[in-house]
file my_file.txt (compact mmCIF, C-alpha atoms)
# COMPACT_ATOMS: atom_id res chain seq x y z
CA MET T 1 -118.63 -133.60 -131.35
CA ASN T 2 -117.75 -136.36 -133.78
CA PRO T 3 -119.78 -136.92 -137.01
CA ASP T 4 -122.05 -139.41 -135.24
CA GLY T 5 -122.86 -136.85 -132.57
CA ALA T 6 -121.16 -138.84 -129.79
CA ALA T 7 -119.49 -137.20 -126.82
CA VAL T 8 -115.98 -135.92 -127.40
CA VAL T 9 -113.02 -135.37 -125.14
CA ASN T 10 -111.68 -131.82 -124.95
CA GLU T 11 -108.04 -130.90 -124.49
CA ASN T 12 -108.44 -131.09 -120.68
CA ALA T 13 -109.65 -134.70 -121.00
CA ALA T 14 -113.13 -133.83 -119.73
CA VAL T 15 -115.97 -135.60 -121.45
CA MET T 16 -118.45 -133.16 -122.95
CA PRO T 17 -121.95 -134.39 -123.75
CA ALA T 18 -122.95 -134.23 -127.38
CA SER T 19 -125.67 -131.81 -128.34
CA ASP T 20 -129.11 -133.28 -128.97
CA GLU T 21 -129.86 -130.75 -131.68
CA PRO T 22 -128.63 -131.11 -135.26
CA ARG T 23 -126.47 -128.21 -136.37
CA GLY T 24 -127.59 -127.33 -139.87
CA PRO T 25 -128.09 -129.89 -142.61
CA ALA T 26 -126.43 -133.20 -141.92
CA ALA T 27 -123.80 -134.50 -144.28
CA PRO T 28 -124.95 -137.34 -146.54
CA ASP T 29 -122.58 -139.70 -144.71
CA ALA T 30 -124.33 -139.08 -141.37
CA VAL T 31 -127.76 -139.61 -142.92
CA LEU T 32 -126.66 -142.79 -144.70
CA ARG T 33 -125.02 -144.16 -141.53
CA ALA T 34 -128.19 -143.48 -139.56
CA LEU T 35 -130.33 -145.22 -142.19
CA ALA T 36 -127.97 -148.22 -142.43
CA ASP T 37 -129.68 -149.87 -139.45
CA PRO T 38 -132.99 -151.65 -140.25
CA HIS T 39 -134.55 -150.61 -136.92
CA ARG T 40 -133.85 -146.97 -137.66
CA ARG T 41 -135.30 -147.27 -141.16
CA GLU T 42 -138.46 -148.74 -139.63
CA ILE T 43 -138.65 -145.88 -137.13
CA VAL T 44 -138.47 -143.40 -140.02
CA ARG T 45 -141.27 -145.31 -141.78
CA LEU T 46 -143.40 -145.15 -138.62
CA VAL T 47 -143.08 -141.38 -138.24
CA ARG T 48 -143.01 -140.55 -141.95
CA ASN T 49 -146.60 -139.32 -142.08
CA ALA T 50 -147.50 -138.66 -138.45
CA GLU T 51 -145.89 -137.50 -135.25
CA MET T 52 -145.58 -140.31 -132.67
CA PRO T 53 -144.56 -140.49 -129.01
CA ALA T 54 -141.44 -142.45 -128.15
CA GLY T 55 -143.43 -145.09 -126.24
CA GLN T 56 -145.68 -145.79 -129.20
CA ILE T 57 -142.63 -146.09 -131.46
CA ALA T 58 -140.99 -148.49 -128.99
CA ALA T 59 -144.14 -150.65 -128.87
CA ASN T 60 -143.46 -151.64 -132.49
CA PHE T 61 -140.14 -153.34 -131.65
CA ASP T 62 -138.83 -156.25 -129.64
CA LEU T 63 -136.18 -153.93 -128.21
CA THR T 64 -135.78 -152.29 -124.83
CA GLN T 65 -137.07 -148.74 -124.43
CA GLN T 66 -133.43 -147.68 -123.95
CA ALA T 67 -132.38 -149.27 -127.26
CA VAL T 68 -135.21 -147.53 -129.11
CA SER T 69 -134.27 -144.27 -127.39
CA GLN T 70 -130.70 -144.64 -128.64
CA HIS T 71 -131.94 -145.25 -132.19
CA LEU T 72 -134.14 -142.14 -131.92
CA MET T 73 -131.13 -140.11 -130.77
CA VAL T 74 -129.01 -141.28 -133.72
CA LEU T 75 -131.81 -140.35 -136.14
CA LYS T 76 -132.28 -137.00 -134.44
CA ARG T 77 -128.56 -136.17 -134.53
CA ALA T 78 -128.45 -137.06 -138.23
CA GLY T 79 -131.27 -134.56 -138.72
CA LEU T 80 -133.78 -137.19 -139.84
CA LEU T 81 -136.16 -136.67 -136.91
CA GLU T 82 -137.55 -133.65 -135.19
CA GLU T 83 -138.40 -133.93 -131.49
CA ARG T 84 -141.11 -131.94 -129.77
CA ARG T 85 -141.89 -132.13 -126.08
CA HIS T 86 -145.49 -132.12 -124.92
CA GLY T 87 -145.55 -132.31 -121.14
CA THR T 88 -143.47 -135.34 -120.23
CA ARG T 89 -143.88 -136.95 -123.66
CA ARG T 90 -141.39 -136.69 -126.50
CA LEU T 91 -143.00 -136.67 -129.92
CA TYR T 92 -141.05 -137.47 -133.06
CA ARG T 93 -141.67 -136.70 -136.70
CA PHE T 94 -139.70 -137.24 -139.89
CA ARG T 95 -137.92 -134.28 -141.48
CA PRO T 96 -138.15 -134.85 -145.26
CA ALA T 97 -135.64 -132.07 -145.95
CA SER T 98 -133.01 -134.19 -144.18
CA LEU T 99 -132.77 -136.42 -147.24
CA GLU T 100 -131.74 -133.52 -149.49
CA PRO T 101 -127.96 -134.05 -149.00
CA VAL T 102 -128.41 -137.69 -150.02
CA ARG T 103 -130.49 -136.68 -153.05
CA GLU T 104 -127.76 -134.24 -154.07
CA LEU T 105 -125.13 -136.95 -153.70
CA LEU T 106 -127.13 -139.39 -155.81
CA ASP T 107 -127.85 -136.70 -158.40
CA GLU T 108 -124.10 -136.50 -159.00
CA PHE T 109 -124.14 -140.12 -160.20
CA TRP T 110 -127.52 -140.20 -161.93
CA PRO T 111 -126.55 -138.60 -165.30
CA ASP T 112 -123.66 -141.07 -165.68
CA ALA T 113 -125.96 -143.99 -164.89
CA LEU T 114 -128.54 -142.78 -167.42
CA GLU T 115 -125.84 -142.35 -170.07
CA ARG T 116 -124.59 -145.91 -169.47
CA LEU T 117 -128.15 -147.25 -169.64
CA LYS T 118 -128.74 -145.39 -172.90
CA GLY T 119 -125.56 -146.94 -174.34
CA VAL T 120 -126.63 -150.45 -173.36
CA VAL T 121 -130.14 -150.01 -174.79
CA GLU T 122 -128.83 -148.55 -178.04
CA ARG T 123 -126.29 -151.36 -178.36
CA ASP T 124 -128.80 -154.13 -177.59
CA HIS T 125 -131.70 -152.59 -179.52
CA PRO T 126 -130.32 -150.64 -182.47
CA ARG T 127 -132.75 -148.37 -184.27
CA LYS T 128 -133.98 -149.75 -187.53
CA SER T 129 -133.97 -147.30 -190.40
CA PRO T 130 -137.48 -146.42 -191.56
CA ARG T 131 -138.70 -148.15 -194.70
CA LYS T 132 -139.36 -146.11 -197.78
CA GLY T 133 -142.90 -144.89 -197.99
CA THR T 134 -143.59 -145.18 -194.24
CA LYS T 135 -143.37 -142.58 -191.59

call {"tool": "encode", "arguments": {"input": "my_file.txt", "output": "structure tokens"}}
result
Amino acid sequence: MNPDGAAVVNENAAVMPASDEPRGPAAPDAVLRALADPHRREIVRLVRNAEMPAGQIAANFDLTQQAVSQHLMVLKRAGLLEERRHGTRRLYRFRPASLEPVRELLDEFWPDALERLKGVVERDHPRKSPRKGTK
């Protein structure tokens, strides 16, 4: 399976379907690629606080049911959505833990950004020495 979860060709040139289930935490690249599309970001917003059936999700878009289904699959493979079957319905909910690899990636850069911000503020707004007799 490639990083996007698409089907791969084995050494015998037979196409093997990609698994629908995420395998452990997704890499930050897979999560960021999945969230790069505005439709997929909106789907995540829709299911952020409540589980929703695929049809109800699709009703929020001017896309075909098949297109929405493909977006749901990309989000699911990236680990952003959890799917639960209830009879013939597929219900989706957001998996907040899926953003942890992205948080960790951003945390690597955050201290440097804060240090640069501190330098700019100190340069642009130097501390004035306290006057005698004042605290």

call {"tool": "atom_distance", "arguments": {"input": "my_file.txt", "atom1": "CA of Glu83 in chain T", "atom2": "CA of Ala36 in chain T"}}
result
20.8 Å

call {"tool": "residues_around", "arguments": {"input": "my_file.txt", "residues": "Val44 in chain T", "least_positions_apart": "5", "cutoff": "10 Å", "atoms": "all atoms listed in the file", "output": "compact mmCIF listing (two decimals) with C-alpha atoms, keeping the file's coordinate frame"}}
result
# COMPACT_ATOMS: atom_id res chain seq x y z
CA LEU T 35 -130.33 -145.22 -142.19
CA PRO T 38 -132.99 -151.65 -140.25
CA HIS T 39 -134.55 -150.61 -136.92
CA ASN T 49 -146.60 -139.32 -142.08
CA ILE T 57 -142.63 -146.09 -131.46
CA LEU T 72 -134.14 -142.14 -131.92
CA LEU T 75 -131.81 -140.35 -136.14
CA LEU T 80 -133.78 -137.19 -139.84
CA LEU T 81 -136.16 -136.67 -136.91
CA TYR T 92 -141.05 -137.47 -133.06
CA ARG T 93 -141.67 -136.70 -136.70
CA PHE T 94 -139.70 -137.24 -139.89
CA ARG T 95 -137.92 -134.28 -141.48

call {"tool": "atom_distance", "arguments": {"input": "my_file.txt", "atom1": "CA of Val47 in chain T", "atom2": "CA of Arg89 in chain T"}}
result
15.3 Å

call {"tool": "atom_distance", "arguments": {"input": "my_file.txt", "atom1": "CA of Leu63 in chain T", "atom2": "CA of Lys76 in chain T"}}
result
18.5 Å

call {"tool": "residues_near_point", "arguments": {"input": "my_file.txt", "point": "(-143.7, -151.6, -135.2)", "cutoff": "12 Å", "atoms": "only C-alpha atoms", "output": "compact mmCIF listing (two decimals) with C-alpha atoms, in the frame of the given file"}}
result
# COMPACT_ATOMS: atom_id res chain seq x y z
CA PRO T 38 -132.99 -151.65 -140.25
CA HIS T 39 -134.55 -150.61 -136.92
CA ARG T 40 -133.85 -146.97 -137.66
CA ARG T 41 -135.30 -147.27 -141.16
CA GLU T 42 -138.46 -148.74 -139.63
CA ILE T 43 -138.65 -145.88 -137.13
CA VAL T 44 -138.47 -143.40 -140.02
CA ARG T 45 -141.27 -145.31 -141.78
CA LEU T 46 -143.40 -145.15 -138.62
CA VAL T 47 -143.08 -141.38 -138.24
CA MET T 52 -145.58 -140.31 -132.67
CA ALA T 54 -141.44 -142.45 -128.15
CA GLY T 55 -143.43 -145.09 -126.24
CA GLN T 56 -145.68 -145.79 -129.20
CA ILE T 57 -142.63 -146.09 -131.46
CA ALA T 58 -140.99 -148.49 -128.99
CA ALA T 59 -144.14 -150.65 -128.87
CA ASN T 60 -143.46 -151.64 -132.49
CA PHE T 61 -140.14 -153.34 -131.65
CA ASP T 62 -138.83 -156.25 -129.64
CA LEU T 63 -136.18 -153.93 -128.21
CA VAL T 68 -135.21 -147.53 -129.11

call {"tool": "residues_around", "arguments": {"input": "my_file.txt", "residues": "His86 in chain T", "least_positions_apart": "4", "cutoff": "10 Å", "atoms": "only C-alpha atoms", "output": "PyMOL selection string"}}
result
chain T and resi 53+90-91

call {"tool": "closest_residue", "arguments": {"input": "my_file.txt", "among": "T:Ala67, T:Ala78, T:Ala27, T:Val121", "to": "Val102 in chain T", "atoms": "all atoms listed in the file"}}
result
T:Ala27
